[in-house]
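Chemist: Input: one structure, supplied below.
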Amino acid sequence: MARESKVRDPSLAGKGRDQLYWAERNMPVLMEIRRRFERERPLAGQLIAACLHVTKETGVLVRTLAAGGAQVVLVPSNPLSTQDEIAAALAEEGVYVYAWRGMSEREYYNAIGFAASFSPTITLDDGADLTVTIHKLKHGVRDRTVEYALETAGQTDADKLVEKIRGGTEETTTGVLRLRALKREGKLAYPIIAVNESYTKYLFDNRYGTGQSTWDGIMRATNMLVAGKVVVVAGYGWVGRGIALRARGLGARRVIVVEVNPVRALEALFDGFEVMPMDRAAEVGDIFITATGNIRVINLNHILKMRDGAVLANAGHFNVEIDTAALDRAAASKRSIRPYLDEYVLPSGKRVYLVGEGRLVNLVAAEGHPSEVMDMSFANQALAVEYLVKHELPPDVYKLPDELDEEVARLKLSTMGVELEEMTEEQRRYVSSWELGT
Ligand SMILES: NC(=O)c1ccc[n+]([C@@H]2O[C@H](COP(=O)([O-])OP(=O)(O)OC[C@H]3O[C@@H](n4cnc5c(N)ncnc54)[C@H](O)[C@@H]3O)[C@@H](O)[C@H]2O)c1
C-alpha cells in the first residue's frame, strides 16, 4: 500500500504557508498550547488520523499535534471544503495528506480508507465519517462507501485496527448525534470526546463562527445586499441563532425563524424574530438558510412556492437539508452562473438560486470560521487528544472536563487582554456555604 500524500498541486505550498502564518497570528490559545506541547511532547508515539475540513485553521491544529510528537494523517471531512494550498503546505512538512477540493464520493471515501490504512491510535472527526466507517468495517457492514474506503485501506484487519485506537474526538453536533446513536446500539468500540459539547466550542464556533461565515459564503457567492431582504432561518439551535443574529445586524428587513421545538421557537420570538412554518415562510423569503441537522427541511413543495429570485443555502453538516435531488428533477434547466451559485429555472418560469450545491455554505463558498473562533474549538481538540493519551477510558461519548473548558476561556481572555474579576475570600466562603446547603 503506497502511503504517499495526494494533493492537487504541491507547488501551492508557499501560498499555504502564508495562509498558515496568518491563521497562527489569530490563534494565540492554540499557539500557547503548541509551545507547551513542544516542551512536553505529550503525544510522542501517537499516530493521529484527522478527518477535518482542510483549512488554514486545521493546519494550525495539525502543526500543534505534530509539535506534541504525533505523526498526523489528514483527510477532508467534506469533498468540497479543502483549501488546496493548505493541503500542499502540510504535505511538504511531512504530514500525510490525501485531500483536494472537489472530490467525488469515491475519492472522498478513498481518503477515509487512506487514513485507516495507517492504523491510527487516535481519530479526529468532524461529522463522524471516519469513525463510522471504522465501525462499519468492524461490524462487517459493506456498503458503497465502505467499498470505496477499502480500495485504499488495504488488507486492514478491522479488529486489530479498532484495538489500536485509544480514542477519538468529534467536532460537530451532527457527528456527536451519530456517535451517541452508536453508543445506544451498544456498538461504540472506543471512547470519543465530544469537543462540540465544550462551552468554549459551541457557544462561539457554532453561534458566532457560523453566524459570520455563513453570511460570508452567501455574500461571496452572490454579492447580494442583505439589507432590506427577508431572511428565513430554519433551526434555532446554536448555529441558527448566530445566523439570525447576524442577518439582523446586516439590515435584513425581516428575519423569520422556522423551528420544530417549542422552547427554541419561543426563544426566537423573545429574541425579536418572527416564527412561522416553512410553508408560509417559503412565500415571503428572499434568502433561505437551513441549520437544523435534519433532512428535507426545504422540500420541493416549499421551493415551488418561493418567489422568483429566492436564494437557498445550507449551513448544516450534511447536504440533505435542502432537497436538491428533487430540485434537480423538477427544474426545466440548471446552469452555474458564478462560482458556487447555480440557477434553476422552474417549470413555472420562476428562478431560484442554490449556493454551494446545498453543502455547508461557509466552508464551500467561503473559508469556514474565522481563525479567532477556531482558536478555541481547536484548543479543545488539542487538549482532548492529550486527555485521551493520558487517560484510559471505556467506550462512551464524553465531554471534555469543565476545568479544561474553563482553561481555554481563561487563556482566550488573557490573549485578548481582558481581565477577570476575582472572588474575595469572603465571597468564596459565602458561595461554598451555599453549596453545602447551609
Ligand atoms: N457550517 C458549520 O461550520 C457548522 C458549524 C457548527 C455546526 N454545524 C452543523 O449545523 C447543524 C446545526 O447545529 P446546532 O449546533 O445549531 O444544532 P442544534 O441541535 O443546537 O440545533 C438544531 C435545531 O434545528 C431544529 N430543527 C430540527 N428539525 C427541524 C425542522 N425540520 N425545521 C426547523 N427546525 C428544525 C431543532 O429543533 C434544533 O433547535 C448541525 O448539522 C451541525 O453539525 C455546522
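Ordering of the C-alpha cells sets the chain letters (A, B, ...), residue numbers begin anew at 1 in every chain, and ligands are numbered from 1 in the order given.
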Select from stretch 83-297 of chain A everything DSSP, run on the backbone, classes as strand (DSSP E), then give the selection as a VMD selection string.
Modeler: chain A and resid 96 to 99 122 to 125 167 to 170 192 to 194 230 to 234 254 to 258 274 to 275 287 to 290
Chemist: Let's have the selection written as a short mmCIF file (atom, residue, chain, number, x, y, z; two decimals), in the first residue's frame, with N, CA and C atoms.
Modeler:
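Final output, saved to result_37.cif:
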```cif
data_model
loop_
_atom_site.label_atom_id
_atom_site.label_comp_id
_atom_site.auth_asym_id
_atom_site.auth_seq_id
_atom_site.Cartn_x
_atom_site.Cartn_y
_atom_site.Cartn_z
N TYR A 96 0.95 13.36 6.35
CA TYR A 96 0.37 12.60 5.24
C TYR A 96 -1.00 13.20 4.92
N VAL A 97 -1.14 13.77 3.74
CA VAL A 97 -2.39 14.45 3.38
C VAL A 97 -2.97 13.78 2.14
N TYR A 98 -4.26 13.51 2.18
CA TYR A 98 -4.94 12.95 1.00
C TYR A 98 -6.18 13.82 0.83
N ALA A 99 -6.04 14.92 0.10
CA ALA A 99 -7.15 15.88 0.06
C ALA A 99 -7.00 16.85 -1.10
N ILE A 122 -5.31 7.49 17.48
CA ILE A 122 -6.34 8.48 17.82
C ILE A 122 -7.02 8.91 16.51
N THR A 123 -8.34 9.08 16.56
CA THR A 123 -9.03 9.62 15.37
C THR A 123 -9.66 10.97 15.73
N LEU A 124 -9.62 11.89 14.77
CA LEU A 124 -10.28 13.20 14.94
C LEU A 124 -11.30 13.31 13.82
N ASP A 125 -12.52 13.70 14.16
CA ASP A 125 -13.58 13.69 13.15
C ASP A 125 -14.40 14.95 13.20
N GLY A 167 -8.74 6.29 21.38
CA GLY A 167 -9.93 7.12 21.46
C GLY A 167 -10.00 8.08 20.30
N GLY A 168 -11.09 8.84 20.29
CA GLY A 168 -11.27 9.79 19.20
C GLY A 168 -11.95 11.05 19.69
N THR A 169 -12.01 12.04 18.81
CA THR A 169 -12.73 13.27 19.14
C THR A 169 -13.74 13.54 18.05
N GLU A 170 -14.77 14.32 18.39
CA GLU A 170 -15.77 14.70 17.39
C GLU A 170 -16.05 16.20 17.53
N ILE A 192 -14.96 8.50 22.84
CA ILE A 192 -14.96 9.69 22.00
C ILE A 192 -15.14 10.91 22.91
N ILE A 193 -14.33 11.92 22.70
CA ILE A 193 -14.58 13.20 23.38
C ILE A 193 -15.34 14.10 22.42
N ALA A 194 -16.54 14.49 22.83
CA ALA A 194 -17.39 15.35 22.01
C ALA A 194 -16.95 16.79 22.23
N VAL A 230 -35.76 39.76 3.16
CA VAL A 230 -36.46 38.90 4.12
C VAL A 230 -35.66 37.60 4.21
N VAL A 231 -35.14 37.33 5.40
CA VAL A 231 -34.26 36.17 5.59
C VAL A 231 -35.02 35.11 6.40
N VAL A 232 -34.97 33.87 5.92
CA VAL A 232 -35.62 32.77 6.64
C VAL A 232 -34.53 31.82 7.14
N VAL A 233 -34.51 31.58 8.45
CA VAL A 233 -33.52 30.68 9.06
C VAL A 233 -34.26 29.47 9.61
N ALA A 234 -33.92 28.28 9.12
CA ALA A 234 -34.55 27.06 9.63
C ALA A 234 -33.65 26.47 10.69
N ARG A 254 -36.78 41.63 7.51
CA ARG A 254 -37.46 40.69 8.42
C ARG A 254 -36.56 39.48 8.57
N VAL A 255 -36.47 38.94 9.77
CA VAL A 255 -35.79 37.66 9.97
C VAL A 255 -36.83 36.69 10.52
N ILE A 256 -37.08 35.64 9.75
CA ILE A 256 -38.11 34.67 10.15
C ILE A 256 -37.41 33.37 10.56
N VAL A 257 -37.81 32.83 11.69
CA VAL A 257 -37.24 31.57 12.17
C VAL A 257 -38.27 30.46 12.01
N VAL A 258 -37.81 29.32 11.50
CA VAL A 258 -38.67 28.13 11.39
C VAL A 258 -38.13 27.11 12.38
N GLU A 274 -39.54 36.75 13.92
CA GLU A 274 -40.85 36.15 13.62
C GLU A 274 -40.68 34.63 13.58
N VAL A 275 -41.71 33.92 13.91
CA VAL A 275 -41.67 32.46 13.84
C VAL A 275 -42.87 31.97 13.05
N ILE A 287 -34.00 35.12 1.12
CA ILE A 287 -32.82 34.26 1.34
C ILE A 287 -33.20 33.22 2.40
N PHE A 288 -32.99 31.94 2.07
CA PHE A 288 -33.33 30.83 2.99
C PHE A 288 -32.05 30.12 3.42
N ILE A 289 -31.91 29.90 4.72
CA ILE A 289 -30.72 29.21 5.22
C ILE A 289 -31.16 28.11 6.18
N THR A 290 -30.71 26.89 5.92
CA THR A 290 -31.05 25.78 6.82
C THR A 290 -29.89 25.52 7.78
#
```
Chemist: Run DSSP on the backbone and give me the residues of stretch 36-137 of chain A it puts in helix (DSSP H, G or I), as a ChimeraX atom specification.
Modeler: /A:36-40,56-67,84-92,105-117,129-137
Chemist: With distances taken over only C-alpha atoms, which residue among A:Thr58, A:Thr172, A:Ser433, A:Gln212 lies nearest A:Pro76?
Modeler: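 Counting only C-alpha atoms, the residue closest to A:Pro76 is A:Thr58.
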Chemist: Would you pick out the contacts of A:Glu185 at 12 Å or less, using only C-alpha atoms, so that residues sharing its chain but fewer than 6 positions from it are not included, and give the list as a list in words?
Modeler: His135, Arg178, Leu179 and Asp396 of chain A
Chemist: For C-alpha atoms, I'd like the residues from the last selection saved as a PDB file, in the first residue's frame.
Modeler:
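Written out: part39.pdb:
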```pdb
ATOM      1  CA  HIS A 135     -17.144   0.928  12.939  1.00  0.00           C
ATOM      2  CA  ARG A 178     -24.266   9.804  15.130  1.00  0.00           C
ATOM      3  CA  LEU A 179     -21.780   8.599  17.753  1.00  0.00           C
ATOM      4  CA  ASP A 396     -18.564   6.147  25.615  1.00  0.00           C
TER       5      ASP A 396
END
```
Chemist: Would you compute the distance between atom CA of A:Glu105 and atom CA of A:Thr145? Give it in Å to one decimal.
Modeler: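 These atoms are spaced 7.9 Å apart.
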Chemist: Can you pull out every residue with an atom within 6 Å of ligand 1? Use only C-alpha atoms and all ligand atoms and format it as a VMD selection string.
Modeler: chain A and resid 172 to 174 206 210 234 to 240 258 to 261 264 291 to 294 297 315 to 317 360 362
Chemist: Write a file of the selected residues as a PDB file, in the first residue's frame, keeping N, CA and C atoms.
Modeler:
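again-v7.pdb, written as the output of this step:
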```pdb
ATOM      1  N   THR A 172     -18.438  18.210  15.642  1.00  0.00           N
ATOM      2  CA  THR A 172     -19.703  18.896  15.377  1.00  0.00           C
ATOM      3  C   THR A 172     -20.944  18.168  15.892  1.00  0.00           C
ATOM      4  N   THR A 173     -22.032  18.934  15.987  1.00  0.00           N
ATOM      5  CA  THR A 173     -23.309  18.454  16.534  1.00  0.00           C
ATOM      6  C   THR A 173     -23.775  17.168  15.849  1.00  0.00           C
ATOM      7  N   THR A 174     -23.788  17.183  14.518  1.00  0.00           N
ATOM      8  CA  THR A 174     -24.281  16.025  13.776  1.00  0.00           C
ATOM      9  C   THR A 174     -23.432  14.796  14.071  1.00  0.00           C
ATOM     10  N   ASN A 206     -20.197  27.502  16.862  1.00  0.00           N
ATOM     11  CA  ASN A 206     -21.486  27.282  16.202  1.00  0.00           C
ATOM     12  C   ASN A 206     -22.242  28.601  16.046  1.00  0.00           C
ATOM     13  N   THR A 210     -20.226  30.319  12.789  1.00  0.00           N
ATOM     14  CA  THR A 210     -21.124  30.021  11.661  1.00  0.00           C
ATOM     15  C   THR A 210     -21.969  31.237  11.345  1.00  0.00           C
ATOM     16  N   ALA A 234     -33.921  28.280   9.116  1.00  0.00           N
ATOM     17  CA  ALA A 234     -34.549  27.055   9.626  1.00  0.00           C
ATOM     18  C   ALA A 234     -33.654  26.465  10.690  1.00  0.00           C
ATOM     19  N   GLY A 235     -34.175  26.332  11.899  1.00  0.00           N
ATOM     20  CA  GLY A 235     -33.410  25.810  13.026  1.00  0.00           C
ATOM     21  C   GLY A 235     -32.916  26.968  13.875  1.00  0.00           C
ATOM     22  N   TYR A 236     -33.258  26.945  15.165  1.00  0.00           N
ATOM     23  CA  TYR A 236     -32.787  27.995  16.068  1.00  0.00           C
ATOM     24  C   TYR A 236     -31.936  27.353  17.162  1.00  0.00           C
ATOM     25  N   GLY A 237     -31.019  26.488  16.711  1.00  0.00           N
ATOM     26  CA  GLY A 237     -30.003  25.958  17.626  1.00  0.00           C
ATOM     27  C   GLY A 237     -28.882  26.974  17.688  1.00  0.00           C
ATOM     28  N   TRP A 238     -27.698  26.522  18.075  1.00  0.00           N
ATOM     29  CA  TRP A 238     -26.574  27.452  18.218  1.00  0.00           C
ATOM     30  C   TRP A 238     -26.205  28.069  16.880  1.00  0.00           C
ATOM     31  N   VAL A 239     -26.264  27.254  15.835  1.00  0.00           N
ATOM     32  CA  VAL A 239     -25.923  27.773  14.508  1.00  0.00           C
ATOM     33  C   VAL A 239     -26.995  28.758  14.028  1.00  0.00           C
ATOM     34  N   GLY A 240     -28.243  28.340  14.105  1.00  0.00           N
ATOM     35  CA  GLY A 240     -29.342  29.199  13.635  1.00  0.00           C
ATOM     36  C   GLY A 240     -29.393  30.530  14.381  1.00  0.00           C
ATOM     37  N   VAL A 258     -37.814  29.318  11.502  1.00  0.00           N
ATOM     38  CA  VAL A 258     -38.668  28.133  11.393  1.00  0.00           C
ATOM     39  C   VAL A 258     -38.126  27.114  12.384  1.00  0.00           C
ATOM     40  N   GLU A 259     -38.944  26.640  13.300  1.00  0.00           N
ATOM     41  CA  GLU A 259     -38.491  25.709  14.338  1.00  0.00           C
ATOM     42  C   GLU A 259     -39.529  24.616  14.564  1.00  0.00           C
ATOM     43  N   VAL A 260     -39.066  23.442  15.016  1.00  0.00           N
ATOM     44  CA  VAL A 260     -39.992  22.383  15.427  1.00  0.00           C
ATOM     45  C   VAL A 260     -40.052  22.267  16.948  1.00  0.00           C
ATOM     46  N   ASN A 261     -39.076  22.859  17.622  1.00  0.00           N
ATOM     47  CA  ASN A 261     -39.003  22.746  19.082  1.00  0.00           C
ATOM     48  C   ASN A 261     -39.665  23.977  19.713  1.00  0.00           C
ATOM     49  N   ARG A 264     -37.359  26.470  21.692  1.00  0.00           N
ATOM     50  CA  ARG A 264     -36.477  27.244  20.805  1.00  0.00           C
ATOM     51  C   ARG A 264     -37.288  28.265  20.004  1.00  0.00           C
ATOM     52  N   ALA A 291     -30.226  25.205   9.028  1.00  0.00           N
ATOM     53  CA  ALA A 291     -29.202  24.921  10.051  1.00  0.00           C
ATOM     54  C   ALA A 291     -29.822  24.022  11.110  1.00  0.00           C
ATOM     55  N   THR A 292     -30.310  22.853  10.670  1.00  0.00           N
ATOM     56  CA  THR A 292     -31.066  22.000  11.594  1.00  0.00           C
ATOM     57  C   THR A 292     -30.395  20.662  11.881  1.00  0.00           C
ATOM     58  N   GLY A 293     -29.533  20.195  10.974  1.00  0.00           N
ATOM     59  CA  GLY A 293     -29.024  18.824  11.089  1.00  0.00           C
ATOM     60  C   GLY A 293     -30.077  17.815  10.654  1.00  0.00           C
ATOM     61  N   ASN A 294     -31.178  18.285  10.083  1.00  0.00           N
ATOM     62  CA  ASN A 294     -32.271  17.387   9.695  1.00  0.00           C
ATOM     63  C   ASN A 294     -32.384  17.293   8.174  1.00  0.00           C
ATOM     64  N   VAL A 297     -35.583  19.815   4.991  1.00  0.00           N
ATOM     65  CA  VAL A 297     -36.225  20.892   5.745  1.00  0.00           C
ATOM     66  C   VAL A 297     -36.826  21.890   4.744  1.00  0.00           C
ATOM     67  N   ALA A 315     -26.332  25.612   6.061  1.00  0.00           N
ATOM     68  CA  ALA A 315     -25.175  25.692   6.969  1.00  0.00           C
ATOM     69  C   ALA A 315     -25.071  24.440   7.837  1.00  0.00           C
ATOM     70  N   GLY A 316     -26.020  23.524   7.713  1.00  0.00           N
ATOM     71  CA  GLY A 316     -25.992  22.283   8.491  1.00  0.00           C
ATOM     72  C   GLY A 316     -24.926  21.340   7.936  1.00  0.00           C
ATOM     73  N   HIS A 317     -24.601  20.299   8.676  1.00  0.00           N
ATOM     74  CA  HIS A 317     -23.426  19.498   8.320  1.00  0.00           C
ATOM     75  C   HIS A 317     -23.555  18.776   6.978  1.00  0.00           C
ATOM     76  N   LEU A 360     -22.430  22.635   3.138  1.00  0.00           N
ATOM     77  CA  LEU A 360     -22.273  23.678   4.159  1.00  0.00           C
ATOM     78  C   LEU A 360     -21.564  24.921   3.584  1.00  0.00           C
ATOM     79  N   ASN A 362     -20.585  27.904   4.447  1.00  0.00           N
ATOM     80  CA  ASN A 362     -19.451  28.696   4.938  1.00  0.00           C
ATOM     81  C   ASN A 362     -18.120  28.065   4.572  1.00  0.00           C
TER      82      ASN A 362
END
```
Chemist: Using atom CA of A:Gly285 and atom CA of A:Ala310 as the two end points, give the distance in Å to one decimal.
Modeler: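 Interatomic distance here is 7.0 Å.
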Chemist: Between A:Glu38, A:Asp157, A:Glu171, A:Glu426, which is the closest to A:Val195 once you count only C-alpha atoms?
Modeler: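 Between A:Glu38, A:Asp157, A:Glu171, A:Glu426, the residue approaching A:Val195 most closely is A:Glu171.
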Chemist: Please provide as a list in words all residues within 10 Å of A:Gly356, with the sequence filter that same-chain residues fewer than 4 positions apart are discarded (counting only C-alpha atoms).
Modeler: Leu80, Gly217, Ile218, Ala221, Leu312, Ala313, Asn314, Asn319, Pro339, Tyr340, Leu341, Asp342, Leu360, Val361, Asn362, Leu363, Val364, Ala365 and Ala366 of chain A
Chemist: Kindly indicate which residue among A:Gly102, A:Pro401, A:Pro28, A:Gly228 lies nearest to A:Tyr387, using only C-alpha atoms for the distances.
Modeler: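 Using only C-alpha atoms, the shortest distance to A:Tyr387 belongs to A:Pro401.
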Chemist: Pick out the closest residue to A:Val345 from this set: A:Arg329, A:Arg63, A:Lys201, A:Arg3. Count only C-alpha atoms.
Modeler: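 Once distances to A:Val345 are computed over only C-alpha atoms, the minimum belongs to A:Arg329.
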Chemist: If we count only C-alpha atoms and set the cut-off at 8 Å, which residues sit around stretch 111-121 of chain A, ignoring sequence neighbours fewer than 2 positions away in its own chain? Please answer as a PyMOL selection string.
Modeler: chain A and resi 3+46-51+73-76+98-99+107-109+123+129-130+133-134+148-154+156+161+164-167
Chemist: Please produce a file of those selected residues containing N, CA and C atoms, as a CSV table (one decimal), in the first residue's frame.
Modeler:
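After the write, again.csv holds the following:
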```
chain,number,residue,atom,x,y,z
A,3,ARG,N,1.8,4.8,0.7
A,3,ARG,CA,1.4,5.8,1.7
A,3,ARG,C,2.0,7.1,1.4
A,46,GLN,N,2.2,8.8,19.1
A,46,GLN,CA,0.8,8.7,18.7
A,46,GLN,C,0.7,8.8,17.2
A,47,LEU,N,-0.2,8.1,16.6
A,47,LEU,CA,-0.5,8.3,15.2
A,47,LEU,C,-1.9,8.8,15.0
A,48,ILE,N,-2.1,10.0,14.7
A,48,ILE,CA,-3.4,10.7,14.7
A,48,ILE,C,-3.9,10.7,13.3
A,49,ALA,N,-5.1,10.2,13.1
A,49,ALA,CA,-5.8,10.3,11.8
A,49,ALA,C,-6.9,11.4,12.0
A,50,ALA,N,-6.7,12.5,11.3
A,50,ALA,CA,-7.7,13.6,11.4
A,50,ALA,C,-8.5,13.7,10.1
A,51,CYS,N,-9.8,13.6,10.3
A,51,CYS,CA,-10.8,13.8,9.2
A,51,CYS,C,-11.5,15.1,9.5
A,73,VAL,N,-2.0,12.1,10.0
A,73,VAL,CA,-2.6,11.9,8.7
A,73,VAL,C,-3.8,12.7,8.5
A,74,LEU,N,-3.9,13.5,7.5
A,74,LEU,CA,-5.1,14.4,7.3
A,74,LEU,C,-5.9,14.1,6.1
A,75,VAL,N,-7.2,13.9,6.3
A,75,VAL,CA,-8.1,13.7,5.1
A,75,VAL,C,-9.3,14.7,5.4
A,76,PRO,N,-10.0,15.0,4.3
A,76,PRO,CA,-11.0,16.0,4.5
A,76,PRO,C,-12.3,15.4,5.1
A,98,TYR,N,-4.3,13.5,2.2
A,98,TYR,CA,-4.9,13.0,1.0
A,98,TYR,C,-6.2,13.8,0.8
A,99,ALA,N,-6.0,14.9,0.1
A,99,ALA,CA,-7.2,15.9,0.1
A,99,ALA,C,-7.0,16.9,-1.1
A,107,GLU,N,-13.6,9.3,-4.3
A,107,GLU,CA,-12.3,9.8,-3.8
A,107,GLU,C,-12.4,10.2,-2.3
A,108,TYR,N,-13.6,10.7,-1.9
A,108,TYR,CA,-13.7,11.1,-0.5
A,108,TYR,C,-13.6,9.9,0.4
A,109,TYR,N,-14.2,8.8,0.0
A,109,TYR,CA,-14.1,7.6,0.9
A,109,TYR,C,-12.7,6.9,0.7
A,123,THR,N,-8.3,9.1,16.6
A,123,THR,CA,-9.0,9.6,15.4
A,123,THR,C,-9.7,11.0,15.7
A,129,ASP,N,-17.6,10.8,9.8
A,129,ASP,CA,-17.5,9.8,8.7
A,129,ASP,C,-16.3,8.8,8.9
A,130,LEU,N,-15.2,9.3,9.4
A,130,LEU,CA,-14.1,8.3,9.7
A,130,LEU,C,-14.4,7.3,10.7
A,133,THR,N,-17.1,4.9,9.5
A,133,THR,CA,-16.5,3.9,8.5
A,133,THR,C,-15.7,2.8,9.3
A,134,ILE,N,-14.9,3.2,10.3
A,134,ILE,CA,-14.1,2.3,11.0
A,134,ILE,C,-15.1,1.3,11.7
A,148,TYR,N,-15.5,1.8,-1.2
A,148,TYR,CA,-14.6,2.8,-1.6
A,148,TYR,C,-13.5,3.0,-0.6
A,149,ALA,N,-13.8,3.0,0.7
A,149,ALA,CA,-12.7,3.1,1.7
A,149,ALA,C,-11.8,1.9,1.6
A,150,LEU,N,-12.3,0.7,1.3
A,150,LEU,CA,-11.4,-0.5,1.3
A,150,LEU,C,-10.5,-0.4,0.1
A,151,GLU,N,-10.8,0.4,-0.9
A,151,GLU,CA,-9.9,0.5,-2.0
A,151,GLU,C,-8.5,1.0,-1.6
A,152,THR,N,-8.5,1.8,-0.6
A,152,THR,CA,-7.2,2.4,-0.1
A,152,THR,C,-6.8,1.9,1.3
A,153,ALA,N,-7.7,1.3,2.0
A,153,ALA,CA,-7.4,0.9,3.4
A,153,ALA,C,-6.5,-0.4,3.3
A,154,GLY,N,-6.5,-1.1,2.2
A,154,GLY,CA,-5.6,-2.2,2.1
A,154,GLY,C,-6.2,-3.4,2.9
A,156,THR,N,-6.8,-4.3,5.7
A,156,THR,CA,-7.0,-3.9,7.1
A,156,THR,C,-7.7,-5.0,7.9
A,161,LEU,N,-7.4,-3.0,13.9
A,161,LEU,CA,-7.5,-1.6,13.6
A,161,LEU,C,-8.1,-0.9,14.9
A,164,LYS,N,-6.2,-0.9,18.3
A,164,LYS,CA,-5.1,0.1,18.4
A,164,LYS,C,-5.5,1.5,18.7
A,165,ILE,N,-6.8,1.7,18.6
A,165,ILE,CA,-7.3,3.1,18.8
A,165,ILE,C,-7.6,3.4,20.2
A,166,ARG,N,-6.9,4.3,20.8
A,166,ARG,CA,-7.2,4.7,22.2
A,166,ARG,C,-8.4,5.5,22.4
A,167,GLY,N,-8.7,6.3,21.4
A,167,GLY,CA,-9.9,7.1,21.5
A,167,GLY,C,-10.0,8.1,20.3
```
Chemist: Which is closer to A:Leu12 than all the others in A:Ser333, A:Asn380, A:Gln83, A:Asn78, using only C-alpha atoms?
Modeler: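 The closest residue to A:Leu12 is A:Gln83.
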Chemist: Which is closest to A:Val373 among A:Asp205, A:Glu197, A:Glu403, A:Glu147, if we use only C-alpha atoms?
Modeler: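 Answer, going by the shortest atom-to-atom distance: A:Asp205.
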